[in-house]
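> Here you go, run_39.csv (CSV, C-alpha atoms):
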chain,number,residue,atom,x,y,z
A,1,MET,CA,0.0,0.0,0.0
A,2,GLN,CA,1.8,3.1,-1.3
A,3,PRO,CA,0.7,6.4,0.4
A,4,ASN,CA,-0.5,9.3,-1.7
A,5,VAL,CA,2.2,11.9,-2.1
A,6,VAL,CA,1.9,15.5,-3.3
A,7,THR,CA,5.1,16.6,-5.2
A,8,VAL,CA,6.0,20.1,-6.1
A,9,THR,CA,9.1,20.7,-8.2
A,10,SER,CA,11.1,23.9,-8.5
A,11,GLU,CA,11.7,25.9,-11.7
A,12,SER,CA,14.3,28.2,-10.0
A,13,GLY,CA,17.0,25.6,-9.4
A,14,ALA,CA,17.7,22.2,-7.9
A,15,ARG,CA,18.9,21.4,-4.4
A,16,ARG,CA,20.9,18.4,-3.5
A,17,HIS,CA,18.2,16.9,-1.3
A,18,PRO,CA,14.4,17.2,-1.7
A,19,LEU,CA,12.2,17.9,1.3
A,20,LEU,CA,9.7,15.4,2.6
A,21,PHE,CA,6.8,16.9,4.7
A,22,VAL,CA,5.1,14.7,7.2
A,23,HIS,CA,1.8,15.9,8.8
A,24,GLY,CA,0.5,15.3,12.3
A,25,ALA,CA,-2.9,14.3,13.7
A,26,TRP,CA,-6.1,15.5,12.0
A,27,HIS,CA,-4.1,16.8,9.0
A,28,GLY,CA,-2.9,15.7,5.6
A,29,ALA,CA,-0.5,16.7,2.9
A,30,TRP,CA,-2.8,19.7,2.3
A,31,CYS,CA,-1.4,21.5,5.4
A,32,TRP,CA,1.9,21.9,3.6
A,33,GLU,CA,0.5,23.7,0.6
A,34,ASP,CA,2.0,27.1,1.4
A,35,TYR,CA,5.3,25.6,2.5
A,36,GLN,CA,5.7,23.6,-0.7
A,37,ARG,CA,5.0,26.6,-2.9
A,38,TRP,CA,7.3,28.8,-0.8
A,39,PHE,CA,10.2,26.3,-0.8
A,40,ALA,CA,9.7,25.7,-4.6
A,41,GLU,CA,10.3,29.4,-5.2
A,42,ARG,CA,13.7,28.9,-3.4
A,43,GLY,CA,14.8,26.0,-5.4
A,44,TRP,CA,13.5,23.1,-3.3
A,45,GLU,CA,11.6,20.1,-4.7
A,46,SER,CA,9.3,18.8,-2.0
A,47,HIS,CA,7.0,15.8,-1.3
A,48,ALA,CA,4.1,15.9,1.2
A,49,VAL,CA,2.8,12.5,2.2
A,50,ASP,CA,-0.8,11.6,3.2
A,51,LEU,CA,-0.4,9.1,6.0
A,52,ARG,CA,-2.7,6.1,5.6
A,53,GLY,CA,-6.4,7.0,6.2
A,54,HIS,CA,-5.6,10.7,5.5
A,55,GLY,CA,-6.2,12.8,2.4
A,56,GLY,CA,-5.8,10.6,-0.7
A,57,SER,CA,-4.3,7.6,1.0
A,58,SER,CA,-6.2,4.4,1.6
A,59,ASN,CA,-6.0,2.3,4.7
A,60,ASP,CA,-6.1,-1.4,5.1
A,61,ARG,CA,-7.6,-1.2,8.6
A,62,SER,CA,-10.0,1.1,10.5
A,63,LEU,CA,-8.4,4.5,11.2
A,64,ARG,CA,-9.4,4.0,14.9
A,65,LEU,CA,-7.0,1.0,15.0
A,66,THR,CA,-4.0,2.5,13.1
A,67,ARG,CA,-0.9,2.7,15.1
A,68,ILE,CA,2.2,4.9,15.1
A,69,LYS,CA,4.2,2.0,13.6
A,70,HIS,CA,1.8,1.9,10.6
A,71,TYR,CA,2.4,5.6,9.9
A,72,GLN,CA,6.1,4.9,10.3
A,73,GLN,CA,5.8,2.3,7.5
A,74,ASP,CA,4.2,4.9,5.3
A,75,VAL,CA,7.1,7.3,5.8
A,76,GLU,CA,9.6,4.5,5.1
A,77,ARG,CA,7.8,3.5,1.8
A,78,VAL,CA,7.8,7.1,0.6
A,79,ILE,CA,11.5,7.6,1.4
A,80,GLU,CA,12.3,4.3,-0.4
A,81,SER,CA,10.5,5.5,-3.5
A,82,LEU,CA,12.5,8.7,-3.8
A,83,GLU,CA,15.6,8.8,-6.0
A,84,THR,CA,17.5,11.0,-3.5
A,85,PRO,CA,17.2,10.7,0.3
A,86,PRO,CA,15.2,13.7,1.6
A,87,ILE,CA,15.5,16.2,4.4
A,88,ILE,CA,12.4,15.6,6.5
A,89,VAL,CA,10.2,18.4,7.9
A,90,ALA,CA,7.6,16.9,10.3
A,91,HIS,CA,4.8,18.3,12.5
A,92,SER,CA,3.5,17.2,15.9
A,93,MET,CA,2.6,13.5,15.7
A,94,GLY,CA,4.6,13.4,12.5
A,95,GLY,CA,7.6,14.4,14.4
A,96,LEU,CA,7.3,11.4,16.7
A,97,ILE,CA,6.8,9.1,13.6
A,98,VAL,CA,9.9,10.5,12.0
A,99,GLN,CA,12.1,10.2,15.1
A,100,ARG,CA,11.1,6.5,15.4
A,101,TYR,CA,12.0,6.0,11.7
A,102,LEU,CA,15.4,7.7,12.3
A,103,GLU,CA,16.3,5.2,15.0
A,104,ASP,CA,17.1,2.7,12.2
A,105,HIS,CA,17.9,5.1,9.3
A,106,GLU,CA,20.2,8.0,8.9
A,107,LEU,CA,19.3,11.0,6.7
A,108,HIS,CA,20.9,14.4,5.9
A,109,GLY,CA,18.7,16.2,8.4
A,110,ALA,CA,15.3,16.5,10.0
A,111,VAL,CA,13.3,19.5,11.3
A,112,LEU,CA,10.6,18.9,13.9
A,113,LEU,CA,7.8,21.4,14.2
A,114,ALA,CA,5.9,21.3,17.6
A,115,PRO,CA,6.8,17.7,18.0
A,116,VAL,CA,5.4,15.3,20.6
A,117,PRO,CA,7.4,15.9,23.8
A,118,ILE,CA,9.9,13.3,25.0
A,119,SER,CA,7.5,12.5,27.9
A,120,GLY,CA,4.6,11.8,25.5
A,121,ALA,CA,1.2,13.3,25.3
A,122,TRP,CA,0.3,13.3,29.0
A,123,ARG,CA,0.4,17.0,29.7
A,124,ALA,CA,-1.3,17.8,26.4
A,125,THR,CA,-4.1,15.4,27.4
A,126,LEU,CA,-4.6,17.1,30.8
A,127,ARG,CA,-4.6,20.6,29.1
A,128,THR,CA,-7.1,19.5,26.5
A,129,LEU,CA,-9.3,17.8,29.2
A,130,ARG,CA,-9.4,21.0,31.2
A,131,ARG,CA,-10.2,23.2,28.2
A,132,HIS,CA,-12.6,20.9,26.4
A,133,PRO,CA,-13.8,18.2,28.8
A,134,ILE,CA,-17.0,17.2,26.9
A,135,LYS,CA,-15.3,16.8,23.6
A,136,PHE,CA,-12.5,14.9,25.2
A,137,LEU,CA,-14.9,12.5,26.8
A,138,LYS,CA,-16.7,12.0,23.5
A,139,ALA,CA,-13.4,11.2,21.7
A,140,ASN,CA,-12.7,8.5,24.3
A,141,LEU,CA,-16.1,7.0,24.0
A,142,ILE,CA,-16.0,6.7,20.2
A,143,TRP,CA,-12.3,5.9,19.8
A,144,ASP,CA,-11.7,8.8,17.5
A,145,LEU,CA,-10.1,12.2,18.1
A,146,LYS,CA,-12.4,13.9,15.7
A,147,PRO,CA,-14.7,15.4,18.4
A,148,LEU,CA,-11.7,17.6,19.5
A,149,ILE,CA,-11.8,19.4,16.1
A,150,GLU,CA,-15.4,19.0,14.9
A,151,LYS,CA,-16.3,22.5,16.3
A,152,ARG,CA,-14.7,25.4,14.4
A,153,GLY,CA,-14.0,27.3,17.6
A,154,ILE,CA,-12.4,24.4,19.4
A,155,ALA,CA,-10.2,23.5,16.4
A,156,ALA,CA,-9.0,27.1,16.2
A,157,ASP,CA,-8.3,27.2,19.9
A,158,LEU,CA,-6.2,24.1,19.7
A,159,LEU,CA,-4.3,24.8,16.5
A,160,LEU,CA,-4.1,28.5,15.6
A,161,PRO,CA,-3.2,31.7,17.4
A,162,ASP,CA,-6.0,34.1,18.4
A,163,ASN,CA,-5.1,36.6,15.6
A,164,ALA,CA,-5.7,34.0,12.9
A,165,THR,CA,-8.1,35.4,10.3
A,166,ASP,CA,-11.6,33.9,9.6
A,167,ASP,CA,-10.4,32.8,6.2
A,168,GLN,CA,-7.4,31.0,7.7
A,169,VAL,CA,-9.6,29.2,10.3
A,170,ASP,CA,-12.2,28.3,7.8
A,171,TRP,CA,-9.7,26.9,5.3
A,172,MET,CA,-8.1,24.7,7.9
A,173,TRP,CA,-11.3,23.6,9.6
A,174,ALA,CA,-12.9,22.5,6.4
A,175,LYS,CA,-10.0,20.0,5.8
A,176,LEU,CA,-9.4,18.6,9.3
A,177,GLN,CA,-10.5,15.0,9.8
A,178,GLY,CA,-10.7,12.3,12.5
A,179,GLU,CA,-7.5,10.7,13.9
A,180,SER,CA,-6.6,7.3,15.2
A,181,TYR,CA,-7.4,6.6,18.8
A,182,LEU,CA,-4.7,3.9,19.1
A,183,ALA,CA,-2.1,6.3,17.7
A,184,TYR,CA,-3.2,8.7,20.5
A,185,LEU,CA,-2.7,5.9,23.0
A,186,ASP,CA,0.7,5.2,21.6
A,187,MET,CA,1.7,8.8,22.1
A,188,LEU,CA,0.2,8.6,25.7
A,189,PHE,CA,1.6,5.3,26.9
A,190,PHE,CA,3.6,3.2,24.5
A,191,VAL,CA,5.8,5.1,22.0
A,192,ARG,CA,8.4,7.6,23.0
A,193,SER,CA,11.1,9.4,21.1
A,194,ARG,CA,14.6,8.1,21.9
A,195,PRO,CA,17.1,10.7,20.9
A,196,GLN,CA,20.0,8.6,22.0
A,197,LEU,CA,19.3,6.2,19.1
A,198,VAL,CA,19.1,9.0,16.4
A,199,HIS,CA,22.2,9.9,14.5
A,200,THR,CA,20.6,12.3,12.0
A,201,PRO,CA,21.0,16.0,12.7
A,202,VAL,CA,17.8,17.3,14.2
A,203,ALA,CA,16.5,20.8,14.6
A,204,ILE,CA,13.3,21.8,16.4
A,205,VAL,CA,10.9,24.8,15.9
A,206,ALA,CA,8.1,25.7,18.4
A,207,GLY,CA,5.4,28.3,18.8
A,208,SER,CA,5.2,30.4,21.8
A,209,GLU,CA,1.4,30.2,21.9
A,210,ASP,CA,1.1,26.4,21.4
A,211,ARG,CA,-1.8,25.2,23.4
A,212,ILE,CA,-1.1,21.5,22.8
A,213,PHE,CA,2.6,21.1,23.6
A,214,SER,CA,4.3,23.8,25.7
A,215,VAL,CA,7.6,25.4,24.9
A,216,LYS,CA,8.9,24.0,28.2
A,217,GLU,CA,8.1,20.5,27.1
A,218,ILE,CA,9.6,21.0,23.7
A,219,ARG,CA,12.8,22.4,25.2
A,220,LYS,CA,13.3,19.2,27.1
A,221,LEU,CA,13.1,17.2,23.8
A,222,ALA,CA,15.5,19.7,22.2
A,223,GLY,CA,17.9,19.4,25.1
A,224,ALA,CA,18.0,15.6,24.6
A,225,TYR,CA,19.2,16.3,21.1
A,226,GLY,CA,21.7,18.9,22.3
A,227,VAL,CA,20.0,21.7,20.4
A,228,GLU,CA,18.1,24.9,21.3
A,229,PRO,CA,14.6,25.1,19.8
A,230,GLN,CA,13.8,28.1,17.7
A,231,VAL,CA,10.6,29.6,19.2
A,232,ILE,CA,8.3,31.6,16.9
A,233,GLU,CA,6.7,34.3,18.9
A,234,GLY,CA,2.9,34.5,18.5
A,235,ALA,CA,2.7,31.1,16.7
A,236,ALA,CA,0.5,28.3,17.9
A,237,HIS,CA,0.6,24.5,17.3
A,238,ASP,CA,0.1,24.6,13.5
A,239,LEU,CA,3.3,26.3,12.6
A,240,MET,CA,2.7,25.7,8.9
A,241,LEU,CA,-0.7,27.5,8.9
A,242,GLY,CA,-2.1,30.7,10.2
A,243,PRO,CA,-0.6,34.2,10.3
A,244,LYS,CA,2.9,33.0,11.4
A,245,TRP,CA,3.4,30.3,8.8
A,246,GLU,CA,5.9,32.2,6.7
A,247,GLU,CA,8.0,33.2,9.7
A,248,ALA,CA,8.1,29.5,10.6
A,249,ALA,CA,9.0,28.6,7.1
A,250,GLU,CA,11.9,31.0,7.2
A,251,ALA,CA,13.1,29.3,10.4
A,252,VAL,CA,12.9,25.9,8.7
A,253,ALA,CA,14.7,27.2,5.6
A,254,GLU,CA,17.6,28.6,7.7
A,255,VAL,CA,18.1,25.1,9.2
A,256,VAL,CA,17.8,23.1,6.0
A,257,GLU,CA,20.2,25.4,4.3
A,258,GLY,CA,22.8,24.4,6.9
A,259,PHE,CA,22.3,20.7,6.7
Can you turn what I pasted into C-alpha cells?

Amino acid sequence: MQPNVVTVTSESGARRHPLLFVHGAWHGAWCWEDYQRWFAERGWESHAVDLRGHGGSSNDRSLRLTRIKHYQQDVERVIESLETPPIIVAHSMGGLIVQRYLEDHELHGAVLLAPVPISGAWRATLRTLRRHPIKFLKANLIWDLKPLIEKRGIAADLLLPDNATDDQVDWMWAKLQGESYLAYLDMLFFVRSRPQLVHTPVAIVAGSEDRIFSVKEIRKLAGAYGVEPQVIEGAAHDLMLGPKWEEAAEAVAEVVEGF
C-alpha cells in the first residue's frame, strides 16, 4: 500500500536533497501547501505525504486501529520511493513518527515542528481535558479524536493563534479529519522518542502560543538532542498554517540550508 504523495518541483533551481513533509494528527498533505510553494520558489523540490487514512491515502484497517508503527511504515515507503534521500520536515505526531524512523535510518537532516514531547502526550491530554472536557470524553467514547476538532472554535483554539483570520480558520477547519485513537494511546503510553538512538542532525521549531505542547516540554526534547529550539513568537501549534506560517518557514529554511 503506497501512500499518496503531493510533489511540487522547482523551476528556480535544484537542491541536492528534496524535502519530505510529514503531517500530524487530523491533518494531511494539504497542510503543507503554502510551504511547498514557498520552498519551490527557493529551489527546493518537495514531497508531502498523506499518511494512511488521511487525504488521498487508503487504509487497510480502521483509522481507529491504526498505530504509530503503521504511519512509520508509510514514511519508510515514501523515502524508499525517492531517488534522492530527503531532508524531513515533520509536524507534531509526524515528528514522533519520523524520530522512530530515524532510530534505524540516517538522513541528511530533520526539522521537527511542535513535536510530541519526550514525555509523550500526558500534559497535552490534561490541558485538553481542562479546556474541552465534553469533547475529550466523546473522543474517548467513540475511539476517534475527531470530536476535538469538529467544532470550528475548538479547532481554532487548539491549533491556531488568536489573531488568525476567519479565512485561515475556515480553510483549515474544512480540511481537518478524524484521527486514530490507538495512535493517540501510543503517544500517551507506548511510543516515546529516543534521541540517543538517532544519528541524523535534528532541529526543532516551536510556537510560543502552542496550546497542545508547551515550549517548556519541547525544550526538554530539544535538550535531549543537544540543540536549542527556535521559538516563533505568537505562533500556535500549527506552525505551517495561520498568520505565522511564513516566519516559521523561514526558520525551517535557515536550518535546512545548513544541513
> May I have a table of the residues of stretch 81-167 of chain A lying at most 6 Å from stretch 20-40 of chain A, giving each one's closest pair of atoms and their distance in Å to one decimal, counting only C-alpha atoms, ordered by chain and ascending residue number, as CSV?

residue,atom,partner,partner_atom,distance
A:Pro86,CA,A:Leu20,CA,5.8
A:Ile88,CA,A:Leu20,CA,4.7
A:Val89,CA,A:Phe21,CA,4.9
A:Ala90,CA,A:Val22,CA,4.5
A:His91,CA,A:Gly24,CA,5.2
A:Ser92,CA,A:Gly24,CA,5.1
A:Met93,CA,A:Gly24,CA,4.4
A:Gly94,CA,A:Gly24,CA,4.5
> I'd like the interatomic distance between atom CA of A:Val98 and atom CA of A:Gln72, to a tenth of an Å.
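We find that atom CA of A:Val98 and atom CA of A:Gln72 lie 7.0 Å from each other.
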> What's the separation between atom CA of A:Gly153 and atom CA of A:Ile68, in Å to one decimal place?
27.8 Å
> Can you measure atom CA of A:Leu241 to atom CA of A:Lys220 for me? One decimal in Å is fine.
24.4 Å
> List the spatial neighbours of A:Pro3 as a PyMOL selection string - criterion: any atom at most 9 Å away, all atoms listed in the file, same-chain residues fewer than 4 positions off excluded.
chain A and resi 49-52+56-59+74-75+77-78
> Neighbouring residues of stretch 120-132 of chain A were defined as those with any atom within 8 Å, considering only C-alpha atoms; residues of the same chain fewer than 4 positions away were excluded. Please report them as a list in words.
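Returned residues: Val116, Phe136, Leu148, Ile154, Tyr184, Met187, Leu188, Phe189, Val191, Arg192, Arg211, Ile212 and Phe213 of chain A.
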> From the options A:Asp170, A:Asp144, A:Glu45, A:Glu247, which residue's atoms come nearest to A:Leu182, counting all atoms listed in the file?
A:Asp144
> Would you mind telling me which residue in A:Ala249, A:Ile87, A:Met172, A:Ala235 lies nearest to A:Thr200 when using all atoms listed in the file?
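When distances to A:Thr200 are compared using all atoms listed in the file, the smallest one comes from A:Ile87.
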> With distances taken over only C-alpha atoms, which residue among A:Met1, A:Ala164, A:Val215, A:Ala110 lies nearest A:Val198?
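Closest to A:Val198 of all the choices is A:Ala110.
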> Taking all atoms of stretch 107-124 of chain A that appear in the file, build a box with edges along x, y and z, extend it by 3 Å on every side, and state its centre and edge lengths in Å to one decimal, as AutoDock Vina command-line options.

--center_x 9.8 --center_y 16.2 --center_z 17.8 --size_x 28.2 --size_y 16.4 --size_z 29.8
> Using only C-alpha atoms, pick whichever of A:Ile149, A:Val227, A:Ile79, A:Leu239 has the shortest atom-to-atom distance to A:Tyr101.
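Once distances to A:Tyr101 are computed over only C-alpha atoms, the minimum belongs to A:Ile79.
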> Smallest atom-to-atom distance to A:Leu65: which of A:Gly43, A:Ile204, A:Gln168, A:Tyr181, using all atoms listed in the file?
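The answer is A:Tyr181, which sits nearest to A:Leu65.
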> For a cut-off of 7 Å around (2.5, 31.8, 23.4), file coordinates, pick out all residues using all atoms listed in the file and list them as a list of chain:residue names.
A:Gly207, A:Ser208, A:Glu209, A:Asp210, A:Glu233, A:Gly234, A:Ala235, A:Ala236
> Using all atoms listed in the file, which of the listed residues (A:Val111, A:Gln73, A:Thr9, A:Arg194) sits closest to A:Glu254?
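Closest to A:Glu254, using all atoms listed in the file: A:Val111.
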> Neighbouring residues of A:Pro229 were defined as those with any atom within 12 Å, considering only C-alpha atoms; residues of the same chain fewer than 2 positions away were excluded. Please report them as a PyMOL selection string.
chain A and resi 111-115+202-208+214-227+231-232+251-252+255
